[in-house]
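**Student:** Encoded as structure tokens, here's the structure I'll be asking about.
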Amino acid sequence: MPGIYFHIPFCKKRCHYCDFVSYVVNDEEIDLYFNVLEKEMVIQAGQSHIRNIRFDSIYIGGGTPSLVPARFLCSLLDRVFELFYMEKCPRLEVSMECNPDSLNLEMLLALKGKGLNRVSLGAQSMNERELEILGRVHGTSQILSAVQYIKRAGIENFGMDIIYAIPGQDENTLAQGLERLIALSPAHLSCYELCLEKGTSLEARVARGEIEYPPQETRLALTRTVEDVMALYGYQQYEISNFSKPGFECRHNCGYWMGVEYLGLGCSACSFLADKRMRNEPDLKRYMDSLDKGELPVSATEELAPEERFREGVVMALRMNQGISTEEFYNKYGIDVLEYYGGLIPDMIEKGLLKFHEDGSRLALTRTGRYISNYVLSYFV
């Protein structure tokens with residue numbers, strides 16, 4: 001089912017690897033931001049298409065949502081349930097991204113009382129040197145404290161994000177870090193290979209020769225280490241970068257990969273509704289000015305033709321280990337996957353990059369295909 005995403009664009013400081021839309025936290029701007037965010041919610045809730053959507057997930061991301069005083073977030077959740085048609089059942093998933101240094105028990109208890117039932121903790125590493133390279137503002141002791149707060153609040157469904165392929169990291173240090181995180185019993189782990197994004201301070205350091213970005217062979221070995229350690233401890237890989245205990249997959253993110261609709265609210269948030277992709281204004285002032293005028297702050301809109309929707313659906317679904325059901329895709333898009341791509345699929349299968357599941361009904365990336373997924377998926381765009 002569709003989900004609602006909120007972007008909270010405030011951080012203490014920008015991490016060295018980050019190119020997301022974020023702004024250094026400012027108390028006055030937080031107050032103004034949540035004021036206009038409510039205006040956006042009201043406008044969107046009145047749209048005819050949105051009034052008929054049943055949402056079953058809420059995801060509060062950023063930025064660092066846990067930097068914001070709990071009263072703003074509690075009010076936000078109250079308004080979501082007032083304005084939108086939320087699925088009132090145990091399936092409802094309400095997630096929030098948190099950083100270890102800004103999380104506390106009082107906030108978690110307050111938000112749990114408003115429906116929060118899933119936390120994604122931005123740990124990134126259990127190695128102090130690696131955290132320093134990444135420019136994180138927390139240390140490992142704060143990760144341990146944050147997990148204790150989550151457990152004391154009674155939130156069983158919690159996950160952690162990690163980054164690997166950090167300069168100086170090898171397979172042993174990565175495995176040790178993963179095992180320290182796994183010992184904390186998260187239900188979910190998102191493991192992202194570090195990318196050198198243009199314009200970031202980390203990219204600049206590598207360019208100056210101050211630190212060395214791991215070569216491709218090393219990054220591949222580290223990816224294998226992630227998958228091996230996750231499997232050893234019972235975490236199922238359900239998407240290229242995501243692992244969970246059975247039943248704890250992130251429903252909100254699965255919706256993105258499965259091509260369902262979603263509504264994005266907040267500065268720079270993206271939406272996909274009625275075959276249109278929209279992005280909100282990434283500039284914080286312009287975003288707020290638009291809503292103060294009673295206008296939606298959409299900065300870009302793209303309407304997808306049926307064939308474009310089909311190709312995008314293929315690319316996104318192949319990110320998941322379950323792959324594509326050729327029958328479901330035909331029923332949804334009216335296009336036969338095997339006929340449409342002709343000899344490409346047999347060629348990818350022969351090269352060991354794609355496979356059919358045992359019953360022959362689903363097409364998926366192989367392990368090798370996942371390692372070079374950007375290359376493989378580029379052929380399906």
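Just so we're on the same page: first chain in the structure tokens is A, next is B, and so on; residues restart at 1 for each chain, and ligands are numbered from 1 in the order they show up.
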Hey, what's within 9 Å of Thr225 of chain A if we count only C-alpha atoms and toss same-chain stuff fewer than 6 positions away? As an mmCIF file with C-alpha atoms, in the first residue's frame, please?
**Tutor:**
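After the write, result.cif holds the following:
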```
data_model
loop_
_atom_site.group_PDB
_atom_site.id
_atom_site.type_symbol
_atom_site.label_atom_id
_atom_site.label_comp_id
_atom_site.auth_asym_id
_atom_site.auth_seq_id
_atom_site.Cartn_x
_atom_site.Cartn_y
_atom_site.Cartn_z
ATOM 1 C CA GLU A 171 37.294 -7.289 5.614
ATOM 2 C CA ASN A 172 38.280 -8.049 9.204
ATOM 3 C CA LEU A 174 34.172 -4.583 8.702
ATOM 4 C CA ALA A 175 33.180 -8.027 9.995
#
```
**Student:** From a DSSP pass on the backbone, collect the residues of segment 161-362 of chain A flagged as strand (DSSP E or B) and hand them back as an NGL selection string.
**Tutor:** :A and (161-164 or 188-193 or 236-239 or 242-244 or 262-265 or 270-273 or 276-280 or 298-303 or 320 or 324-325 or 354-356 or 362)
**Student:** Store the residues picked out above in a file with N, CA and C atoms, as a short mmCIF file (atom, residue, chain, number, x, y, z; two decimals), in the first residue's frame.
**Tutor:**
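This went into again20.cif:
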```cif
data_model
loop_
_atom_site.label_atom_id
_atom_site.label_comp_id
_atom_site.auth_asym_id
_atom_site.auth_seq_id
_atom_site.Cartn_x
_atom_site.Cartn_y
_atom_site.Cartn_z
N ASP A 161 21.51 1.74 10.26
CA ASP A 161 22.20 1.98 9.00
C ASP A 161 23.70 1.89 9.24
N ILE A 162 24.40 1.27 8.30
CA ILE A 162 25.86 1.29 8.35
C ILE A 162 26.38 1.68 6.97
N ILE A 163 27.58 2.21 6.96
CA ILE A 163 28.29 2.53 5.72
C ILE A 163 29.57 1.70 5.72
N TYR A 164 29.88 1.11 4.57
CA TYR A 164 31.13 0.34 4.47
C TYR A 164 31.92 0.83 3.24
N HIS A 188 16.72 -5.11 11.78
CA HIS A 188 16.96 -4.72 10.39
C HIS A 188 18.31 -4.03 10.28
N LEU A 189 19.02 -4.26 9.19
CA LEU A 189 20.27 -3.57 8.93
C LEU A 189 20.31 -3.12 7.47
N SER A 190 20.56 -1.84 7.27
CA SER A 190 20.78 -1.30 5.93
C SER A 190 22.27 -1.04 5.78
N CYS A 191 22.88 -1.66 4.78
CA CYS A 191 24.33 -1.60 4.62
C CYS A 191 24.66 -0.96 3.27
N TYR A 192 25.16 0.26 3.32
CA TYR A 192 25.37 1.03 2.11
C TYR A 192 26.85 1.19 1.82
N GLU A 193 27.24 0.88 0.59
CA GLU A 193 28.61 1.12 0.16
C GLU A 193 28.84 2.62 0.04
N GLN A 236 18.05 -11.99 6.52
CA GLN A 236 17.72 -12.29 5.14
C GLN A 236 17.90 -11.04 4.28
N GLN A 237 18.63 -11.18 3.20
CA GLN A 237 18.78 -10.07 2.27
C GLN A 237 17.52 -10.02 1.40
N TYR A 238 16.80 -8.90 1.46
CA TYR A 238 15.60 -8.79 0.65
C TYR A 238 15.72 -7.72 -0.42
N GLU A 239 16.81 -6.92 -0.36
CA GLU A 239 17.09 -5.90 -1.35
C GLU A 239 18.59 -5.71 -1.37
N ASN A 242 19.69 -4.12 1.86
CA ASN A 242 18.86 -4.24 3.07
C ASN A 242 18.68 -5.69 3.51
N PHE A 243 18.81 -5.87 4.84
CA PHE A 243 18.76 -7.18 5.46
C PHE A 243 17.85 -7.10 6.69
N SER A 244 17.12 -8.17 6.95
CA SER A 244 16.24 -8.13 8.13
C SER A 244 16.03 -9.52 8.69
N TYR A 262 3.36 7.02 -3.52
CA TYR A 262 3.78 7.58 -2.24
C TYR A 262 3.66 9.09 -2.30
N LEU A 263 3.41 9.67 -1.15
CA LEU A 263 3.29 11.12 -1.01
C LEU A 263 4.46 11.62 -0.19
N GLY A 264 5.21 12.58 -0.76
CA GLY A 264 6.32 13.18 -0.04
C GLY A 264 5.98 14.58 0.41
N LEU A 265 6.23 14.88 1.66
CA LEU A 265 5.92 16.18 2.25
C LEU A 265 7.17 16.76 2.88
N CYS A 270 10.02 14.00 -2.46
CA CYS A 270 9.50 13.54 -3.75
C CYS A 270 8.21 12.74 -3.56
N SER A 271 7.34 12.82 -4.56
CA SER A 271 6.09 12.08 -4.56
C SER A 271 5.95 11.33 -5.88
N PHE A 272 5.19 10.23 -5.83
CA PHE A 272 4.79 9.55 -7.06
C PHE A 272 3.30 9.26 -6.94
N LEU A 273 2.52 10.00 -7.70
CA LEU A 273 1.06 9.92 -7.60
C LEU A 273 0.46 10.02 -9.00
N LYS A 276 2.60 10.45 -11.98
CA LYS A 276 3.41 11.66 -12.02
C LYS A 276 4.44 11.62 -10.90
N ARG A 277 5.66 12.01 -11.24
CA ARG A 277 6.71 12.15 -10.24
C ARG A 277 6.91 13.64 -9.98
N MET A 278 6.88 14.02 -8.73
CA MET A 278 7.01 15.42 -8.36
C MET A 278 8.07 15.59 -7.28
N ARG A 279 8.77 16.71 -7.35
CA ARG A 279 9.75 17.02 -6.32
C ARG A 279 9.48 18.40 -5.76
N ASN A 280 9.49 18.48 -4.44
CA ASN A 280 9.30 19.77 -3.79
C ASN A 280 10.56 20.62 -3.90
N VAL A 298 5.96 22.65 -5.34
CA VAL A 298 6.51 21.70 -6.31
C VAL A 298 7.45 22.43 -7.26
N SER A 299 8.69 21.92 -7.37
CA SER A 299 9.68 22.56 -8.24
C SER A 299 9.86 21.82 -9.55
N ALA A 300 9.47 20.54 -9.61
CA ALA A 300 9.63 19.76 -10.83
C ALA A 300 8.56 18.68 -10.89
N THR A 301 8.03 18.47 -12.09
CA THR A 301 7.01 17.44 -12.31
C THR A 301 7.35 16.67 -13.58
N GLU A 302 7.22 15.36 -13.50
CA GLU A 302 7.46 14.51 -14.67
C GLU A 302 6.31 13.51 -14.78
N GLU A 303 5.62 13.52 -15.91
CA GLU A 303 4.53 12.57 -16.13
C GLU A 303 5.07 11.42 -16.96
N MET A 320 15.13 -5.96 -5.61
CA MET A 320 14.71 -6.86 -4.54
C MET A 320 15.09 -8.30 -4.87
N ILE A 324 11.16 -10.16 -10.08
CA ILE A 324 9.96 -9.79 -10.82
C ILE A 324 9.11 -11.02 -11.09
N SER A 325 7.83 -10.89 -10.82
CA SER A 325 6.86 -11.88 -11.29
C SER A 325 6.43 -11.46 -12.68
N LEU A 354 21.55 -12.79 -14.18
CA LEU A 354 20.13 -12.96 -13.88
C LEU A 354 19.82 -14.44 -13.74
N LYS A 355 18.72 -14.72 -13.05
CA LYS A 355 18.29 -16.11 -12.90
C LYS A 355 16.78 -16.14 -12.74
N PHE A 356 16.19 -17.28 -13.04
CA PHE A 356 14.80 -17.52 -12.69
C PHE A 356 14.76 -18.28 -11.38
N ARG A 362 9.59 -16.13 -11.41
CA ARG A 362 10.17 -14.85 -11.01
C ARG A 362 11.59 -14.73 -11.55
#
```
**Student:** What separation in Å, quoted to one decimal, exists between atom CA of Lys351 of chain A and atom CA of Arg370 of chain A?
**Tutor:**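 We find that atom CA of Lys351 of chain A and atom CA of Arg370 of chain A lie 13.0 Å from each other.
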**Student:** Taking 3 positions as the minimum chain separation for residues in the same chain, which residues sit within 6 Å of segment 205-217 of chain A when counting only C-alpha atoms? Answer as a PyMOL selection string.
**Tutor:** chain A and resi 167+202+220
**Student:** Restricting the calculation to only C-alpha atoms: of A:Asn117, A:Ser125, A:Asn35, A:Thr64, which residue gets closest to Ala153 of chain A?
**Tutor:**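 Once distances to Ala153 of chain A are computed over only C-alpha atoms, the minimum belongs to A:Asn117.
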**Student:** Which parts of segment 100-334 of chain A does DSSP call alpha helix (DSSP H) when run on the backbone here, written out as a PDB file with C-alpha atoms, in the first residue's frame?
**Tutor:**
```pdb
ATOM      1  CA  LEU A 105      13.981   7.960  26.137  1.00  0.00           C
ATOM      2  CA  GLU A 106      11.444  10.742  26.749  1.00  0.00           C
ATOM      3  CA  MET A 107      11.201  11.493  23.025  1.00  0.00           C
ATOM      4  CA  LEU A 108      10.745   7.832  22.147  1.00  0.00           C
ATOM      5  CA  LEU A 109       8.019   7.307  24.739  1.00  0.00           C
ATOM      6  CA  ALA A 110       6.162  10.421  23.605  1.00  0.00           C
ATOM      7  CA  LEU A 111       6.308   9.391  19.948  1.00  0.00           C
ATOM      8  CA  LYS A 112       5.414   5.793  20.690  1.00  0.00           C
ATOM      9  CA  GLU A 128      35.775   5.463  16.179  1.00  0.00           C
ATOM     10  CA  ARG A 129      38.298   6.111  13.408  1.00  0.00           C
ATOM     11  CA  GLU A 130      35.704   5.353  10.734  1.00  0.00           C
ATOM     12  CA  LEU A 131      33.149   7.622  12.394  1.00  0.00           C
ATOM     13  CA  GLU A 132      35.702  10.429  12.353  1.00  0.00           C
ATOM     14  CA  ILE A 133      36.401   9.923   8.635  1.00  0.00           C
ATOM     15  CA  LEU A 134      32.671  10.043   7.933  1.00  0.00           C
ATOM     16  CA  THR A 140      30.220   4.253  19.693  1.00  0.00           C
ATOM     17  CA  SER A 141      29.180   4.815  23.320  1.00  0.00           C
ATOM     18  CA  GLN A 142      26.253   6.928  22.126  1.00  0.00           C
ATOM     19  CA  ILE A 143      25.170   4.128  19.758  1.00  0.00           C
ATOM     20  CA  LEU A 144      25.022   1.757  22.732  1.00  0.00           C
ATOM     21  CA  SER A 145      23.044   4.270  24.799  1.00  0.00           C
ATOM     22  CA  ALA A 146      20.601   4.939  21.956  1.00  0.00           C
ATOM     23  CA  VAL A 147      19.870   1.238  21.540  1.00  0.00           C
ATOM     24  CA  GLN A 148      19.157   0.975  25.257  1.00  0.00           C
ATOM     25  CA  TYR A 149      16.687   3.869  24.998  1.00  0.00           C
ATOM     26  CA  ILE A 150      14.930   2.144  22.084  1.00  0.00           C
ATOM     27  CA  LYS A 151      14.662  -1.117  23.998  1.00  0.00           C
ATOM     28  CA  ARG A 152      13.484   0.581  27.202  1.00  0.00           C
ATOM     29  CA  GLU A 171      37.294  -7.289   5.614  1.00  0.00           C
ATOM     30  CA  ASN A 172      38.280  -8.049   9.204  1.00  0.00           C
ATOM     31  CA  THR A 173      37.471  -4.605  10.608  1.00  0.00           C
ATOM     32  CA  LEU A 174      34.172  -4.583   8.702  1.00  0.00           C
ATOM     33  CA  ALA A 175      33.180  -8.027   9.995  1.00  0.00           C
ATOM     34  CA  GLN A 176      34.082  -7.043  13.566  1.00  0.00           C
ATOM     35  CA  GLY A 177      32.018  -3.867  13.322  1.00  0.00           C
ATOM     36  CA  LEU A 178      29.038  -5.739  11.911  1.00  0.00           C
ATOM     37  CA  GLU A 179      29.221  -8.320  14.684  1.00  0.00           C
ATOM     38  CA  ARG A 180      29.264  -5.588  17.348  1.00  0.00           C
ATOM     39  CA  LEU A 181      26.116  -4.091  15.818  1.00  0.00           C
ATOM     40  CA  ILE A 182      24.424  -7.468  15.431  1.00  0.00           C
ATOM     41  CA  SER A 201      34.282  17.232   1.844  1.00  0.00           C
ATOM     42  CA  LEU A 202      35.140  13.514   1.737  1.00  0.00           C
ATOM     43  CA  GLU A 203      35.459  13.626  -2.045  1.00  0.00           C
ATOM     44  CA  ALA A 204      37.753  16.629  -1.689  1.00  0.00           C
ATOM     45  CA  ARG A 205      39.982  14.815   0.814  1.00  0.00           C
ATOM     46  CA  VAL A 206      40.323  11.844  -1.517  1.00  0.00           C
ATOM     47  CA  ALA A 207      41.082  14.148  -4.450  1.00  0.00           C
ATOM     48  CA  GLN A 216      36.855  -1.713  -6.859  1.00  0.00           C
ATOM     49  CA  GLU A 217      38.323  -5.126  -5.938  1.00  0.00           C
ATOM     50  CA  THR A 218      38.382  -4.177  -2.255  1.00  0.00           C
ATOM     51  CA  ARG A 219      34.846  -2.778  -2.367  1.00  0.00           C
ATOM     52  CA  LEU A 220      33.618  -6.017  -3.931  1.00  0.00           C
ATOM     53  CA  ALA A 221      35.325  -8.076  -1.214  1.00  0.00           C
ATOM     54  CA  LEU A 222      33.726  -5.872   1.444  1.00  0.00           C
ATOM     55  CA  THR A 223      30.294  -6.335  -0.150  1.00  0.00           C
ATOM     56  CA  ARG A 224      30.792 -10.110  -0.005  1.00  0.00           C
ATOM     57  CA  THR A 225      31.746  -9.765   3.663  1.00  0.00           C
ATOM     58  CA  VAL A 226      28.525  -7.880   4.405  1.00  0.00           C
ATOM     59  CA  GLU A 227      26.373 -10.551   2.753  1.00  0.00           C
ATOM     60  CA  ASP A 228      28.268 -13.426   4.398  1.00  0.00           C
ATOM     61  CA  VAL A 229      28.095 -11.957   7.905  1.00  0.00           C
ATOM     62  CA  MET A 230      24.408 -11.090   7.538  1.00  0.00           C
ATOM     63  CA  ALA A 231      23.579 -14.634   6.389  1.00  0.00           C
ATOM     64  CA  LEU A 232      25.661 -16.175   9.177  1.00  0.00           C
ATOM     65  CA  ARG A 251       7.338  -1.895   4.361  1.00  0.00           C
ATOM     66  CA  HIS A 252       7.635   1.763   3.448  1.00  0.00           C
ATOM     67  CA  ASN A 253      10.791   1.268   1.387  1.00  0.00           C
ATOM     68  CA  CYS A 254       9.437  -1.914  -0.179  1.00  0.00           C
ATOM     69  CA  GLY A 255       6.642   0.237  -1.547  1.00  0.00           C
ATOM     70  CA  TYR A 256       9.190   2.321  -3.472  1.00  0.00           C
ATOM     71  CA  TRP A 257      10.779  -0.760  -5.014  1.00  0.00           C
ATOM     72  CA  LEU A 284      14.234  25.876   2.394  1.00  0.00           C
ATOM     73  CA  LYS A 285      13.237  29.559   2.066  1.00  0.00           C
ATOM     74  CA  ARG A 286      11.498  29.080  -1.277  1.00  0.00           C
ATOM     75  CA  TYR A 287       9.726  25.993   0.064  1.00  0.00           C
ATOM     76  CA  MET A 288       8.362  27.936   3.024  1.00  0.00           C
ATOM     77  CA  ASP A 289       7.521  31.039   0.972  1.00  0.00           C
ATOM     78  CA  SER A 290       5.395  28.995  -1.438  1.00  0.00           C
ATOM     79  CA  LEU A 291       3.307  27.513   1.342  1.00  0.00           C
ATOM     80  CA  ASP A 292       2.928  30.874   3.064  1.00  0.00           C
ATOM     81  CA  PRO A 306       2.972   3.675 -19.629  1.00  0.00           C
ATOM     82  CA  GLU A 307       6.130   2.245 -21.194  1.00  0.00           C
ATOM     83  CA  GLU A 308       8.338   4.437 -19.008  1.00  0.00           C
ATOM     84  CA  ARG A 309       6.432   3.274 -15.944  1.00  0.00           C
ATOM     85  CA  PHE A 310       6.981  -0.322 -17.001  1.00  0.00           C
ATOM     86  CA  ARG A 311      10.742   0.085 -17.489  1.00  0.00           C
ATOM     87  CA  GLU A 312      11.116   1.950 -14.202  1.00  0.00           C
ATOM     88  CA  GLY A 313       9.092  -0.768 -12.480  1.00  0.00           C
ATOM     89  CA  VAL A 314      11.424  -3.447 -13.839  1.00  0.00           C
ATOM     90  CA  VAL A 315      14.550  -1.628 -12.668  1.00  0.00           C
ATOM     91  CA  MET A 316      13.180  -0.990  -9.174  1.00  0.00           C
ATOM     92  CA  ALA A 317      11.751  -4.485  -8.684  1.00  0.00           C
ATOM     93  CA  THR A 326       6.400 -11.871 -15.055  1.00  0.00           C
ATOM     94  CA  GLU A 327       2.704 -12.610 -14.626  1.00  0.00           C
ATOM     95  CA  GLU A 328       2.157  -9.763 -12.143  1.00  0.00           C
ATOM     96  CA  PHE A 329       3.996  -7.334 -14.410  1.00  0.00           C
ATOM     97  CA  TYR A 330       1.874  -8.320 -17.373  1.00  0.00           C
ATOM     98  CA  ASN A 331      -1.315  -7.861 -15.347  1.00  0.00           C
ATOM     99  CA  LYS A 332      -0.132  -4.457 -14.078  1.00  0.00           C
ATOM    100  CA  TYR A 333       1.397  -2.975 -17.229  1.00  0.00           C
TER     101      TYR A 333
END
```
**Student:** Which residues are close to Glu29 of chain A, i.e. within 12 Å by only C-alpha atoms, leaving aside same-chain residues fewer than 3 positions away? Reply as a PyMOL selection string.
**Tutor:** chain A and resi 8-10+23-26+32-37+68+284-285+288
**Student:** Would you mind reading off the distance between atom CA of Gly46 of chain A and atom CA of Phe20 of chain A, one decimal, in Å?
**Tutor:**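 Between atom CA of Gly46 of chain A and atom CA of Phe20 of chain A the gap works out to 29.2 Å.
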**Student:** Smallest atom-to-atom distance to Val381 of chain A: which of A:Ile53, A:Leu365, A:Gly113, A:Tyr341, using only C-alpha atoms?
**Tutor:**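 The closest residue to Val381 of chain A is A:Tyr341.
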**Student:** Could you check how far atom CA of Gly334 of chain A sits from atom CA of Ile349 of chain A, in Å to one decimal?
**Tutor:**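 Atom-to-atom, atom CA of Gly334 of chain A and atom CA of Ile349 of chain A are spaced 23.7 Å apart.
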**Student:** Give me, as a ChimeraX atom specification, all polymer residues having an atom no more than 12 Å from Leu116 of chain A, counting only C-alpha atoms and skipping those fewer than 3 positions away in the same chain.
**Tutor:** /A:57-60,70,73-74,76-78,92-97,107-113,119-120,150,153-158
**Student:** Limited to C-alpha atoms, could you put the picked residues into a file as a PDB file, in the first residue's frame?
**Tutor:**
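What follows is the written file again37.pdb:
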```
ATOM      1  CA  SER A  57       3.161   3.545   6.281  1.00  0.00           C
ATOM      2  CA  ILE A  58       4.621   6.810   7.525  1.00  0.00           C
ATOM      3  CA  TYR A  59       8.323   7.499   7.300  1.00  0.00           C
ATOM      4  CA  ILE A  60       9.942  10.534   8.943  1.00  0.00           C
ATOM      5  CA  ALA A  70       9.312  15.908  20.421  1.00  0.00           C
ATOM      6  CA  LEU A  73       6.881  15.462  15.854  1.00  0.00           C
ATOM      7  CA  CYS A  74       3.968  14.448  18.081  1.00  0.00           C
ATOM      8  CA  LEU A  76       2.891  16.065  13.105  1.00  0.00           C
ATOM      9  CA  LEU A  77       1.676  12.519  13.748  1.00  0.00           C
ATOM     10  CA  ASP A  78      -1.586  13.775  15.248  1.00  0.00           C
ATOM     11  CA  LEU A  92       0.493   0.218   9.963  1.00  0.00           C
ATOM     12  CA  GLU A  93       4.203   1.072  10.023  1.00  0.00           C
ATOM     13  CA  VAL A  94       5.365   4.376  11.505  1.00  0.00           C
ATOM     14  CA  SER A  95       9.132   4.872  11.186  1.00  0.00           C
ATOM     15  CA  MET A  96      11.549   7.618  12.122  1.00  0.00           C
ATOM     16  CA  GLU A  97      15.235   8.092  11.407  1.00  0.00           C
ATOM     17  CA  MET A 107      11.201  11.493  23.025  1.00  0.00           C
ATOM     18  CA  LEU A 108      10.745   7.832  22.147  1.00  0.00           C
ATOM     19  CA  LEU A 109       8.019   7.307  24.739  1.00  0.00           C
ATOM     20  CA  ALA A 110       6.162  10.421  23.605  1.00  0.00           C
ATOM     21  CA  LEU A 111       6.308   9.391  19.948  1.00  0.00           C
ATOM     22  CA  LYS A 112       5.414   5.793  20.690  1.00  0.00           C
ATOM     23  CA  GLY A 113       2.253   7.124  22.301  1.00  0.00           C
ATOM     24  CA  VAL A 119      13.157   3.332  14.517  1.00  0.00           C
ATOM     25  CA  SER A 120      16.040   3.510  12.042  1.00  0.00           C
ATOM     26  CA  ILE A 150      14.930   2.144  22.084  1.00  0.00           C
ATOM     27  CA  ALA A 153      10.793   2.342  25.165  1.00  0.00           C
ATOM     28  CA  GLY A 154       9.555  -1.081  24.049  1.00  0.00           C
ATOM     29  CA  ILE A 155      10.167  -0.525  20.326  1.00  0.00           C
ATOM     30  CA  GLU A 156      11.104  -3.991  19.094  1.00  0.00           C
ATOM     31  CA  ASN A 157      11.219  -3.082  15.412  1.00  0.00           C
ATOM     32  CA  PHE A 158      14.428  -1.110  15.182  1.00  0.00           C
TER      33      PHE A 158
END
```
**Student:** Counting only C-alpha atoms, figure out which residue out of A:Gly3, A:Gly343, A:Gly135, A:Gly63 gets nearest to Cys250 of chain A.
**Tutor:**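 Nearest to Cys250 of chain A: A:Gly3.
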